[in-house]
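Printed here is coords32.cif (mmCIF, C-alpha atoms):
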data_model
loop_
_atom_site.label_atom_id
_atom_site.label_comp_id
_atom_site.auth_asym_id
_atom_site.auth_seq_id
_atom_site.Cartn_x
_atom_site.Cartn_y
_atom_site.Cartn_z
CA MET A 23 4.93 13.96 -13.93
CA MET A 24 1.22 13.39 -14.52
CA SER A 25 -0.70 16.06 -16.44
CA GLN A 26 -3.28 17.96 -14.42
CA GLU A 27 -4.81 19.72 -17.41
CA THR A 28 -8.41 19.11 -18.34
CA THR A 29 -9.21 17.65 -21.73
CA THR A 30 -8.90 20.01 -24.70
CA ALA A 31 -9.21 19.52 -28.42
CA THR A 32 -5.44 19.16 -28.73
CA SER A 33 -4.50 17.26 -25.58
CA GLN A 34 -4.97 13.71 -24.39
CA PRO A 35 -7.82 13.03 -21.98
CA GLU A 36 -6.64 13.00 -18.38
CA ILE A 37 -5.92 9.48 -17.13
CA GLY A 38 -6.86 8.35 -13.64
CA ILE A 39 -8.55 5.67 -11.55
CA VAL A 40 -12.22 4.97 -12.19
CA GLY A 41 -12.94 1.73 -10.30
CA PHE A 42 -11.84 -0.25 -7.26
CA GLY A 43 -12.58 -3.64 -5.77
CA GLN A 44 -11.38 -6.26 -3.34
CA SER A 45 -12.11 -9.85 -2.46
CA ALA A 46 -13.03 -11.07 0.99
CA TYR A 47 -9.97 -11.59 3.19
CA SER A 48 -9.50 -14.91 5.01
CA LYS A 49 -6.91 -16.35 7.40
CA LYS A 50 -6.94 -19.67 5.57
CA THR A 51 -8.62 -20.60 2.32
CA ASP A 52 -8.99 -23.43 -0.14
CA ARG A 53 -9.87 -20.99 -2.92
CA THR A 54 -7.52 -20.49 -5.86
CA LEU A 55 -5.66 -17.23 -6.30
CA ILE A 56 -7.30 -16.79 -9.71
CA SER A 57 -10.75 -16.85 -8.11
CA LEU A 58 -9.76 -14.17 -5.57
CA LEU A 59 -8.32 -11.97 -8.32
CA ALA A 60 -11.52 -12.49 -10.31
CA ASP A 61 -13.64 -11.37 -7.34
CA ALA A 62 -11.64 -8.15 -7.02
CA SER A 63 -11.81 -7.59 -10.79
CA ARG A 64 -15.58 -7.97 -10.96
CA ALA A 65 -16.00 -5.55 -8.06
CA ALA A 66 -13.70 -3.02 -9.74
CA LEU A 67 -15.58 -3.26 -13.04
CA ASN A 68 -18.88 -2.85 -11.26
CA SER A 69 -17.67 0.28 -9.47
CA SER A 70 -16.33 1.76 -12.72
CA GLY A 71 -19.46 1.27 -14.80
CA LEU A 72 -17.30 -0.17 -17.59
CA LYS A 73 -17.59 -3.58 -19.25
CA LYS A 74 -15.17 -6.48 -19.33
CA SER A 75 -14.75 -5.89 -23.06
CA ASP A 76 -13.37 -2.42 -22.31
CA ILE A 77 -10.26 -3.93 -20.64
CA ASP A 78 -7.28 -4.10 -23.03
CA GLY A 79 -4.40 -3.97 -20.56
CA ILE A 80 -3.58 -5.89 -17.38
CA SER A 81 -1.06 -5.74 -14.56
CA VAL A 82 -0.68 -8.09 -11.63
CA CYS A 83 1.50 -8.14 -8.53
CA SER A 84 1.71 -11.47 -6.69
CA PHE A 85 4.27 -13.64 -4.95
CA VAL A 86 2.62 -17.03 -5.47
CA LEU A 87 1.15 -16.58 -8.96
CA PRO A 88 4.31 -17.90 -10.73
CA PRO A 89 4.82 -19.85 -12.88
CA ASP A 90 1.74 -17.99 -14.14
CA ASN A 91 2.07 -14.28 -14.91
CA ALA A 92 0.13 -11.33 -16.32
CA VAL A 93 -0.19 -12.90 -19.76
CA THR A 94 -1.50 -16.24 -18.50
CA LEU A 95 -3.86 -14.35 -16.16
CA ALA A 96 -5.27 -12.50 -19.17
CA GLU A 97 -5.81 -15.90 -20.81
CA GLN A 98 -7.67 -17.24 -17.79
CA PHE A 99 -9.80 -14.10 -17.59
CA GLY A 100 -10.58 -14.27 -21.32
CA LEU A 101 -9.06 -10.83 -21.98
CA PRO A 102 -7.26 -9.88 -25.21
CA VAL A 103 -4.71 -7.27 -24.09
CA GLY A 104 -2.18 -5.06 -25.84
CA TRP A 105 -0.18 -4.40 -22.67
CA ALA A 106 0.71 -6.73 -19.79
CA TYR A 107 2.84 -5.98 -16.72
CA TYR A 108 4.04 -8.20 -13.89
CA GLY A 109 5.12 -6.36 -10.74
CA THR A 110 8.50 -7.17 -9.22
CA ALA A 111 8.74 -4.59 -6.41
CA GLY A 112 6.83 -6.33 -3.61
CA GLY A 113 4.62 -3.97 -1.63
CA ALA A 114 5.81 -1.00 -3.70
CA GLY A 115 4.74 -2.76 -6.89
CA PRO A 116 1.00 -1.97 -7.07
CA VAL A 117 1.52 1.81 -6.92
CA ALA A 118 4.31 1.45 -9.50
CA ALA A 119 1.97 -0.65 -11.65
CA VAL A 120 -0.63 2.13 -11.72
CA LEU A 121 2.03 4.66 -12.73
CA ASN A 122 3.21 2.35 -15.50
CA ALA A 123 -0.37 1.76 -16.61
CA VAL A 124 -0.77 5.52 -17.07
CA ARG A 125 2.35 5.59 -19.22
CA ALA A 126 1.10 2.64 -21.29
CA ILE A 127 -2.19 4.42 -21.97
CA GLU A 128 -0.39 7.67 -22.83
CA ALA A 129 1.79 5.72 -25.29
CA GLY A 130 -1.25 4.13 -26.93
CA HIS A 131 -0.52 0.54 -25.89
CA ALA A 132 -3.85 0.24 -24.04
CA THR A 133 -6.92 2.32 -23.26
CA THR A 134 -8.16 0.67 -20.05
CA VAL A 135 -5.92 -1.25 -17.64
CA LEU A 136 -7.03 -3.62 -14.90
CA CYS A 137 -4.41 -3.44 -12.11
CA LEU A 138 -4.45 -6.37 -9.68
CA ALA A 139 -2.59 -7.58 -6.61
CA GLY A 140 -3.19 -10.63 -4.45
CA ASP A 141 -1.97 -13.83 -2.84
CA ASN A 142 -3.56 -16.81 -1.11
CA TYR A 143 -1.24 -18.15 1.54
CA ASP A 144 -1.42 -18.52 5.31
CA ILE A 145 1.20 -18.05 8.06
CA ASP A 146 3.11 -21.23 7.18
CA GLY A 147 3.03 -20.32 3.50
CA HIS A 148 4.38 -16.87 4.29
CA TYR A 149 7.40 -18.26 6.15
CA LYS A 150 8.16 -20.68 3.34
CA LEU A 151 7.92 -17.84 0.84
CA MET A 152 10.35 -15.65 2.80
CA ASP A 153 12.95 -18.41 2.92
CA GLN A 154 12.82 -18.64 -0.88
CA PHE A 155 12.05 -14.97 -1.58
CA HIS A 156 15.09 -14.41 -3.81
CA LEU A 157 18.64 -15.70 -4.12
CA ALA A 158 20.19 -13.31 -1.60
CA LEU A 159 17.94 -14.66 1.15
CA HIS A 160 17.99 -18.24 -0.14
CA ASN A 161 21.77 -18.45 -0.47
CA TYR A 162 22.95 -16.33 2.47
CA ALA A 163 20.23 -15.49 4.99
CA THR A 164 18.18 -18.68 5.31
CA PRO A 165 21.20 -21.04 5.79
CA ASN A 166 22.37 -18.76 8.62
CA GLY A 167 19.11 -18.84 10.54
CA PHE A 168 17.19 -15.95 8.95
CA GLY A 169 14.03 -15.74 11.03
CA GLY A 170 11.94 -13.81 8.56
CA ALA A 171 11.06 -10.14 8.43
CA ASN A 172 10.30 -9.80 12.16
CA GLY A 173 13.96 -10.07 13.08
CA LEU A 174 15.10 -7.61 10.42
CA PHE A 175 12.56 -4.96 11.35
CA GLY A 176 13.25 -5.53 15.02
CA ILE A 177 16.79 -4.37 14.23
CA VAL A 178 15.44 -1.34 12.32
CA GLN A 179 13.15 -0.38 15.19
CA ARG A 180 15.88 -0.80 17.81
CA LYS A 181 18.23 1.30 15.71
CA HIS A 182 15.63 4.06 15.33
CA MET A 183 14.89 4.02 19.06
CA GLU A 184 18.54 4.22 20.05
CA THR A 185 19.39 6.84 17.41
CA TYR A 186 16.44 9.19 17.90
CA GLY A 187 14.79 8.20 21.17
CA THR A 188 11.63 6.88 19.53
CA GLN A 189 9.47 4.98 22.04
CA SER A 190 7.30 1.89 21.71
CA ARG A 191 4.46 3.85 23.30
CA GLN A 192 4.64 6.35 20.45
CA LEU A 193 4.74 3.71 17.72
CA GLY A 194 1.86 1.88 19.38
CA LYS A 195 -0.45 4.78 18.62
CA ILE A 196 -0.32 3.72 14.96
CA SER A 197 -1.57 0.19 15.67
CA VAL A 198 -4.20 1.40 18.16
CA GLY A 199 -5.54 4.09 15.83
CA GLN A 200 -5.79 1.72 12.90
CA ARG A 201 -7.51 -0.94 15.02
CA TYR A 202 -10.16 1.63 15.99
CA SER A 203 -10.90 2.15 12.29
CA ALA A 204 -10.84 -1.59 11.58
CA GLN A 205 -13.64 -2.21 14.07
CA ARG A 206 -15.96 -0.59 11.51
CA ASN A 207 -14.55 -2.49 8.51
CA PRO A 208 -16.24 -5.87 7.99
CA ASN A 209 -13.38 -7.05 5.75
CA ALA A 210 -10.74 -6.58 8.46
CA LEU A 211 -9.65 -9.87 10.04
CA LEU A 212 -8.66 -8.28 13.36
CA ARG A 213 -11.51 -6.16 14.69
CA GLY A 214 -11.32 -6.62 18.44
CA PRO A 215 -10.79 -3.48 20.53
CA MET A 216 -7.19 -2.66 21.42
CA THR A 217 -5.82 -0.09 23.85
CA LEU A 218 -2.29 1.23 24.11
CA ASP A 219 -1.85 -0.88 27.25
CA ASP A 220 -2.92 -3.95 25.25
CA TYR A 221 -0.30 -3.08 22.65
CA LEU A 222 2.47 -2.57 25.20
CA SER A 223 1.68 -5.71 27.19
CA ALA A 224 1.59 -8.02 24.16
CA ARG A 225 4.29 -10.68 23.93
CA ILE A 226 7.66 -9.93 22.37
CA ILE A 227 8.17 -11.45 18.91
CA ALA A 228 11.61 -10.05 17.99
CA ASP A 229 12.66 -7.48 20.57
CA PRO A 230 11.48 -4.70 20.46
CA ILE A 231 8.84 -5.91 17.95
CA ARG A 232 5.68 -7.06 19.77
CA LEU A 233 2.67 -9.04 18.62
CA TYR A 234 0.62 -6.05 17.47
CA ASP A 235 3.53 -4.68 15.47
CA CYS A 236 3.19 -7.65 13.11
CA VAL A 237 0.81 -8.27 10.23
CA LEU A 238 -1.30 -11.43 9.89
CA PRO A 239 -0.51 -13.27 6.62
CA CYS A 240 -3.76 -14.10 4.84
CA ALA A 241 -5.48 -14.58 1.49
CA GLY A 242 -7.08 -11.81 -0.54
CA ALA A 243 -6.94 -9.63 -3.64
CA GLU A 244 -7.34 -5.96 -4.60
CA ALA A 245 -7.97 -4.19 -7.92
CA VAL A 246 -8.24 -0.77 -9.52
CA ILE A 247 -9.03 0.28 -13.08
CA VAL A 248 -7.00 2.95 -14.87
CA THR A 249 -8.32 4.76 -17.95
CA ALA A 250 -9.24 8.18 -19.35
CA LEU A 251 -11.42 9.95 -16.80
CA ASP A 252 -13.86 11.23 -19.40
CA ARG A 253 -15.03 7.66 -20.04
CA VAL A 254 -16.99 7.59 -16.77
CA GLU A 255 -19.30 9.91 -14.90
CA PRO A 256 -17.67 12.56 -12.66
CA SER A 257 -18.54 10.83 -9.37
CA ARG A 258 -16.32 7.87 -10.32
CA ARG A 259 -13.23 9.89 -11.33
CA ILE A 260 -10.05 9.94 -9.23
CA ARG A 261 -7.22 12.10 -10.55
CA ILE A 262 -3.57 11.05 -10.33
CA LEU A 263 -1.72 14.24 -9.43
CA ALA A 264 1.79 12.77 -9.18
CA GLY A 265 3.64 9.55 -8.45
CA TYR A 266 7.13 8.06 -8.30
CA GLU A 267 8.99 4.85 -7.57
CA GLN A 268 12.56 4.29 -6.35
CA HIS A 269 14.57 1.09 -5.93
CA ASN A 270 17.73 0.08 -4.07
CA TYR A 271 18.14 3.16 -1.90
CA PRO A 272 20.21 3.58 0.17
CA VAL A 273 22.68 1.35 -1.63
CA GLY A 274 24.33 -1.36 0.45
CA GLU A 275 23.22 -0.16 3.88
CA ILE A 276 22.00 -2.77 6.37
CA ALA A 277 18.90 -1.82 8.39
CA PRO A 278 18.70 1.76 7.05
CA LEU A 279 16.54 4.37 8.77
CA GLU A 280 15.43 5.92 5.49
CA GLY A 281 14.04 4.67 2.20
CA GLY A 282 13.57 5.63 -1.42
CA TRP A 283 10.76 8.09 -0.65
CA LYS A 284 13.44 10.58 0.37
CA CYS A 285 14.67 10.63 -3.25
CA PHE A 286 11.43 11.91 -4.74
CA THR A 287 9.34 13.59 -2.01
CA ASP A 288 10.10 17.13 -3.13
CA ARG A 289 9.26 16.30 -6.75
CA LEU A 290 6.12 14.43 -5.71
CA PHE A 291 4.56 17.40 -3.94
CA SER A 292 5.85 19.89 -6.49
CA ASP A 293 4.36 17.93 -9.40
CA ALA A 294 1.07 17.51 -7.56
CA GLN A 295 1.00 21.23 -6.72
CA ARG A 296 -0.20 20.29 -3.27
CA SER A 297 1.23 20.75 0.22
CA HIS A 298 1.20 18.34 3.15
CA ASP A 299 -1.55 20.25 4.91
CA GLN A 300 -3.81 19.86 1.87
CA LEU A 301 -3.90 16.07 2.31
CA ASP A 302 -6.95 14.65 4.07
CA PHE A 303 -5.46 11.21 4.77
CA VAL A 304 -2.39 9.02 4.25
CA GLN A 305 -2.44 5.33 3.33
CA ALA A 306 1.11 4.19 4.20
CA TYR A 307 2.47 0.69 3.72
CA ASP A 308 2.23 -0.76 7.22
CA ASP A 309 4.04 -4.06 7.50
CA TYR A 310 5.34 -2.67 10.82
CA PRO A 311 4.62 0.62 12.65
CA ILE A 312 8.31 1.52 12.51
CA MET A 313 8.15 1.51 8.71
CA VAL A 314 5.08 3.74 8.80
CA ALA A 315 7.07 6.10 11.01
CA ILE A 316 10.01 6.12 8.59
CA GLN A 317 7.66 6.83 5.68
CA LEU A 318 6.15 9.78 7.56
CA GLU A 319 9.65 11.17 8.03
CA ASP A 320 10.87 10.55 4.49
CA LEU A 321 7.66 11.89 2.94
CA GLY A 322 8.15 15.15 4.82
CA PHE A 323 5.41 15.09 7.44
CA CYS A 324 8.12 15.65 10.05
CA ASN A 325 11.90 15.87 10.11
CA LYS A 326 14.06 12.76 10.32
CA GLY A 327 14.23 11.60 13.91
CA GLU A 328 11.26 13.70 15.03
CA VAL A 329 8.50 11.20 14.28
CA GLY A 330 8.14 10.31 17.97
CA ALA A 331 6.92 13.82 18.78
CA PHE A 332 4.70 13.72 15.67
CA LEU A 333 3.10 10.49 16.86
CA GLU A 334 2.57 11.95 20.32
CA LYS A 335 0.73 14.90 18.79
CA HIS A 336 -1.80 13.01 16.64
CA GLU A 337 -4.50 10.37 16.70
CA PHE A 338 -4.53 8.02 13.72
CA SER A 339 -8.08 6.67 13.41
CA PHE A 340 -10.23 7.54 10.39
CA ASN A 341 -11.76 10.39 12.42
CA GLY A 342 -8.56 11.40 14.19
CA SER A 343 -6.34 14.42 13.68
CA PHE A 344 -4.21 12.47 11.13
CA PRO A 345 -6.32 9.81 9.35
CA LEU A 346 -3.91 6.95 8.61
CA ASN A 347 -4.69 3.62 6.90
CA THR A 348 -8.34 4.36 7.39
CA ASN A 349 -9.66 0.82 6.84
CA GLY A 350 -7.33 -0.56 9.54
CA GLY A 351 -4.42 -1.18 7.18
CA GLN A 352 -2.53 -4.43 6.97
CA LEU A 353 -1.99 -4.40 10.73
CA SER A 354 -5.71 -5.05 11.25
CA CYS A 355 -7.03 -6.23 7.88
CA GLY A 356 -4.21 -8.71 7.29
CA GLN A 357 -1.41 -8.87 4.73
CA ALA A 358 -2.56 -10.75 1.64
CA GLY A 359 0.92 -10.90 0.13
CA ALA A 360 1.37 -8.41 -2.69
CA ALA A 361 -2.17 -7.15 -2.05
CA GLY A 362 -0.62 -5.38 0.94
CA GLY A 363 0.80 -2.90 -1.55
CA MET A 364 -2.61 -2.21 -3.07
CA ILE A 365 -4.92 -2.24 -0.05
CA GLY A 366 -4.02 1.38 0.64
CA LEU A 367 -4.59 2.36 -2.98
CA VAL A 368 -8.04 0.78 -3.01
CA GLU A 369 -8.86 2.39 0.33
CA ALA A 370 -7.76 5.80 -0.98
CA VAL A 371 -10.09 5.52 -3.96
CA ARG A 372 -12.92 4.37 -1.69
CA GLN A 373 -12.36 7.35 0.60
CA LEU A 374 -12.09 9.87 -2.23
CA ARG A 375 -15.34 8.60 -3.73
CA HIS A 376 -16.92 8.84 -0.27
CA GLU A 377 -17.94 5.17 -0.33
CA ALA A 378 -16.27 4.08 2.93
CA GLY A 379 -19.44 4.08 4.99
CA ASP A 380 -18.82 3.78 8.73
CA PHE A 381 -15.12 4.63 8.43
CA GLN A 382 -15.41 7.51 5.98
CA VAL A 383 -13.13 10.53 6.39
CA GLU A 384 -15.67 13.31 6.07
CA THR A 385 -13.30 15.79 4.44
CA ALA A 386 -11.66 13.34 2.02
CA ARG A 387 -10.73 15.07 -1.21
CA CYS A 388 -6.97 14.56 -1.56
CA GLY A 389 -4.72 11.82 -0.18
CA LEU A 390 -1.35 10.12 -0.43
CA VAL A 391 -0.62 6.39 -0.81
CA SER A 392 2.87 4.95 -0.28
CA GLY A 393 4.27 1.50 -0.96
CA TYR A 394 7.28 -0.43 0.31
CA GLY A 395 8.65 -3.88 -0.28
CA MET A 396 10.97 -6.48 -1.72
CA VAL A 397 13.00 -7.19 1.41
CA GLY A 398 16.56 -7.78 0.30
CA TYR A 399 19.70 -8.65 2.21
CA GLY A 400 19.19 -6.39 5.21
CA HIS A 401 16.79 -3.82 3.83
CA GLY A 402 13.71 -3.25 1.69
CA LEU A 403 14.59 -2.45 -1.90
CA SER A 404 11.53 -0.65 -3.26
CA SER A 405 9.56 2.48 -2.39
CA SER A 406 6.69 4.23 -4.17
CA ALA A 407 4.11 6.92 -3.57
CA ILE A 408 1.20 8.56 -5.37
CA ILE A 409 -1.05 11.55 -4.64
CA LEU A 410 -4.71 11.21 -5.64
CA GLU A 411 -7.61 13.64 -5.68
CA ASN A 412 -11.35 13.50 -6.21
CA GLU A 413 -12.17 15.44 -9.37
CA GLN A 414 -15.33 16.93 -7.90
#

Could you rewrite the structure in this file as structure tokens?
Amino acid sequence: MMSQETTTATSQPEIGIVGFGQSAYSKKTDRTLISLLADASRAALNSSGLKKSDIDGISVCSFVLPPDNAVTLAEQFGLPVGWAYYGTAGGAGPVAAVLNAVRAIEAGHATTVLCLAGDNYDIDGHYKLMDQFHLALHNYATPNGFGGANGLFGIVQRKHMETYGTQSRQLGKISVGQRYSAQRNPNALLRGPMTLDDYLSARIIADPIRLYDCVLPCAGAEAVIVTALDRVEPSRRIRILAGYEQHNYPVGEIAPLEGGWKCFTDRLFSDAQRSHDQLDFVQAYDDYPIMVAIQLEDLGFCNKGEVGAFLEKHEFSFNGSFPLNTNGGQLSCGQAGAAGGMIGLVEAVRQLRHEAGDFQVETARCGLVSGYGMVGYGHGLSSSAIILENEQ
């Protein structure tokens, strides 16, 4: 899908990611969303070595930005742009936005795209958002007592446990491993130590979902910059080896145990010309551990239904046998709305540039990022994934 060839006299320069940034995360804020997006943008520009005047394309994924959009955001940032994109795929949107930014640059609509994601709500704001998320929930789920995503994913987890024998103790290793990493990340909101016993003894939220299966809604923003790699020095260059998005799969199934990743996994690894054992980390969308488990199955790290044994086998901290969501992920950093779909992308770039400090994966050279989102009537509608590699 994405060219892996180096630049020649007759080919386009290779396009990739050259900068990353994020705002501070907070449980409650009186700051505007625009200011948080601006913080992430300035950090991304600084890490790229480019100037604001180099930006001529913009994408943004956000739930609470409307009635503003990508075009009005460009106005507020003072950016003249030839390409603007507003993400509509929830937590799968930011990865999809990067893939679409590459296509826009290849087509000549832009040369340098600032890709953003963020929201600034708290727990109450999150529940209000879910009740009005889209017409299917507004018209059918909310009037019938829809209790938000916890209830839906409680059904998914129960179904997976009863179908395949997956255990809470196995899923808990995801939360515990990520919390270990988060203790070294100053931008994570939840940094207290957590053992597997702590996880298992936490109160039930929506049986079998427990407290530490759930993300903390918060405020924050993330950003990356996409452009031709030869515009920056080699140490800043992150190659895009392959990426795909898929929506509305499986069609019509309530609480499915698979997602759209299954549709493109073979192509993803074939296009990237990489195997699973060549990956040094995975940044998987982690609204709940059960969805991380399903992504691991659908992305081919283990067979469907065998993720329990896979979880038993590995440790998931940044320095474990399977580095997963190495900054703590949403489960420890918090879920800043649509930024939850980009936090893994930003963390992947940080890791591949070896700028993660105390939670750096020493061997990081190649990694996978997956997205998931847009909860519909009984299932998430959107899936995405991308494989990235440090050019050096």

Do you know which residues are at most 6 Å from A:Ala204 counting only C-alpha atoms, after dropping those on the same chain fewer than 6 positions away, and could you put them as a list in words?
->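 The residues satisfying every condition are Ala210, Arg213, Asn349 and Gly350 of chain A.
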
With C-alpha atoms retained, could you export that selection as a JSON list (two decimals), in the frame of the given file?
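Produced file result-v1.json, reproduced below:
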[["chain", "number", "residue", "atom", "x", "y", "z"],
["A", 210, "ALA", "CA", -10.74, -6.58, 8.46],
["A", 213, "ARG", "CA", -11.51, -6.16, 14.69],
["A", 349, "ASN", "CA", -9.66, 0.82, 6.84],
["A", 350, "GLY", "CA", -7.33, -0.56, 9.54]]

Straight-line distance linking atom CA of A:Ser203 with atom CA of A:Arg232, stated in Å to one decimal =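 Separation of atom CA of A:Ser203 and atom CA of A:Arg232: 20.4 Å.
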
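Counting all atoms listed in the file and comparing A:Pro230, A:Gly104, A:Pro272, A:Gly330, the residue that lies closest to A:Asn172 is A:Pro230.
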
Residues proximal to (24.2, -6.4, 3.9) were defined as those with any atom within 7 Å of that point in the file's coordinates, counting all atoms listed in the file. Which are they, as a tab-separated table (two decimals) with C-alpha atoms, keeping the file's coordinate frame?
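Result saved to selection23.tsv:
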chain	number	residue	atom	x	y	z
A	274	GLY	CA	24.33	-1.36	0.45
A	275	GLU	CA	23.22	-0.16	3.88
A	276	ILE	CA	22.00	-2.77	6.37
A	399	TYR	CA	19.70	-8.65	2.21
A	400	GLY	CA	19.19	-6.39	5.21

Starting from the shown file, work through the PyMOL selection byres ((chain A and resi 124) around 8) and note down what comes out as a ChimeraX atom specification.
-> /A:37-38,120-123,125-128,248-249

Provide the atom CA of A:Gly398 to atom CA of A:Cys355 distance in Å, to one decimal place.
->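 A separation of 24.8 Å between them.
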
Missing atoms in stretch 375-394 of chain A: fill them in up to N, CA and C atoms and send the result as a PDB file, in the frame of the given file.
ATOM      1  N   ARG A 375     -13.993   8.686  -3.148  1.00  0.00           N
ATOM      2  CA  ARG A 375     -15.340   8.600  -3.730  1.00  0.00           C
ATOM      3  C   ARG A 375     -16.425   8.635  -2.652  1.00  0.00           C
ATOM      4  N   HIS A 376     -16.016   8.775  -1.417  1.00  0.00           N
ATOM      5  CA  HIS A 376     -16.920   8.840  -0.270  1.00  0.00           C
ATOM      6  C   HIS A 376     -17.858   7.625  -0.231  1.00  0.00           C
ATOM      7  N   GLU A 377     -17.215   6.437  -0.352  1.00  0.00           N
ATOM      8  CA  GLU A 377     -17.940   5.170  -0.330  1.00  0.00           C
ATOM      9  C   GLU A 377     -17.450   4.278   0.802  1.00  0.00           C
ATOM     10  N   ALA A 378     -16.830   4.867   1.834  1.00  0.00           N
ATOM     11  CA  ALA A 378     -16.270   4.080   2.930  1.00  0.00           C
ATOM     12  C   ALA A 378     -17.247   3.837   4.069  1.00  0.00           C
ATOM     13  N   GLY A 379     -18.431   4.381   3.992  1.00  0.00           N
ATOM     14  CA  GLY A 379     -19.440   4.080   4.990  1.00  0.00           C
ATOM     15  C   GLY A 379     -19.052   4.477   6.391  1.00  0.00           C
ATOM     16  N   ASP A 380     -19.033   3.505   7.303  1.00  0.00           N
ATOM     17  CA  ASP A 380     -18.820   3.780   8.730  1.00  0.00           C
ATOM     18  C   ASP A 380     -17.420   4.262   9.065  1.00  0.00           C
ATOM     19  N   PHE A 381     -16.463   4.125   8.153  1.00  0.00           N
ATOM     20  CA  PHE A 381     -15.120   4.630   8.430  1.00  0.00           C
ATOM     21  C   PHE A 381     -14.700   5.689   7.404  1.00  0.00           C
ATOM     22  N   GLN A 382     -15.666   6.458   6.946  1.00  0.00           N
ATOM     23  CA  GLN A 382     -15.410   7.510   5.980  1.00  0.00           C
ATOM     24  C   GLN A 382     -14.778   8.736   6.637  1.00  0.00           C
ATOM     25  N   VAL A 383     -13.707   9.244   6.010  1.00  0.00           N
ATOM     26  CA  VAL A 383     -13.130  10.530   6.390  1.00  0.00           C
ATOM     27  C   VAL A 383     -14.000  11.611   5.766  1.00  0.00           C
ATOM     28  N   GLU A 384     -14.664  12.390   6.579  1.00  0.00           N
ATOM     29  CA  GLU A 384     -15.670  13.310   6.070  1.00  0.00           C
ATOM     30  C   GLU A 384     -15.114  14.315   5.077  1.00  0.00           C
ATOM     31  N   THR A 385     -13.879  14.743   5.282  1.00  0.00           N
ATOM     32  CA  THR A 385     -13.300  15.790   4.440  1.00  0.00           C
ATOM     33  C   THR A 385     -12.526  15.256   3.249  1.00  0.00           C
ATOM     34  N   ALA A 386     -12.562  13.950   2.993  1.00  0.00           N
ATOM     35  CA  ALA A 386     -11.660  13.340   2.020  1.00  0.00           C
ATOM     36  C   ALA A 386     -11.820  13.909   0.618  1.00  0.00           C
ATOM     37  N   ARG A 387     -10.792  14.573   0.165  1.00  0.00           N
ATOM     38  CA  ARG A 387     -10.730  15.070  -1.210  1.00  0.00           C
ATOM     39  C   ARG A 387      -9.377  14.790  -1.846  1.00  0.00           C
ATOM     40  N   CYS A 388      -8.309  14.774  -1.031  1.00  0.00           N
ATOM     41  CA  CYS A 388      -6.970  14.560  -1.560  1.00  0.00           C
ATOM     42  C   CYS A 388      -6.196  13.687  -0.571  1.00  0.00           C
ATOM     43  N   GLY A 389      -5.454  12.707  -1.070  1.00  0.00           N
ATOM     44  CA  GLY A 389      -4.720  11.820  -0.180  1.00  0.00           C
ATOM     45  C   GLY A 389      -3.476  11.254  -0.827  1.00  0.00           C
ATOM     46  N   LEU A 390      -2.605  10.711   0.014  1.00  0.00           N
ATOM     47  CA  LEU A 390      -1.350  10.120  -0.430  1.00  0.00           C
ATOM     48  C   LEU A 390      -1.333   8.640  -0.090  1.00  0.00           C
ATOM     49  N   VAL A 391      -0.805   7.830  -1.012  1.00  0.00           N
ATOM     50  CA  VAL A 391      -0.620   6.390  -0.810  1.00  0.00           C
ATOM     51  C   VAL A 391       0.861   6.082  -1.021  1.00  0.00           C
ATOM     52  N   SER A 392       1.464   5.333  -0.106  1.00  0.00           N
ATOM     53  CA  SER A 392       2.870   4.950  -0.280  1.00  0.00           C
ATOM     54  C   SER A 392       3.018   3.440  -0.188  1.00  0.00           C
ATOM     55  N   GLY A 393       3.985   2.926  -0.943  1.00  0.00           N
ATOM     56  CA  GLY A 393       4.270   1.500  -0.960  1.00  0.00           C
ATOM     57  C   GLY A 393       5.708   1.218  -0.573  1.00  0.00           C
ATOM     58  N   TYR A 394       5.948  -0.024  -0.137  1.00  0.00           N
ATOM     59  CA  TYR A 394       7.280  -0.430   0.310  1.00  0.00           C
ATOM     60  C   TYR A 394       7.391  -1.933   0.192  1.00  0.00           C
TER      61      TYR A 394
END
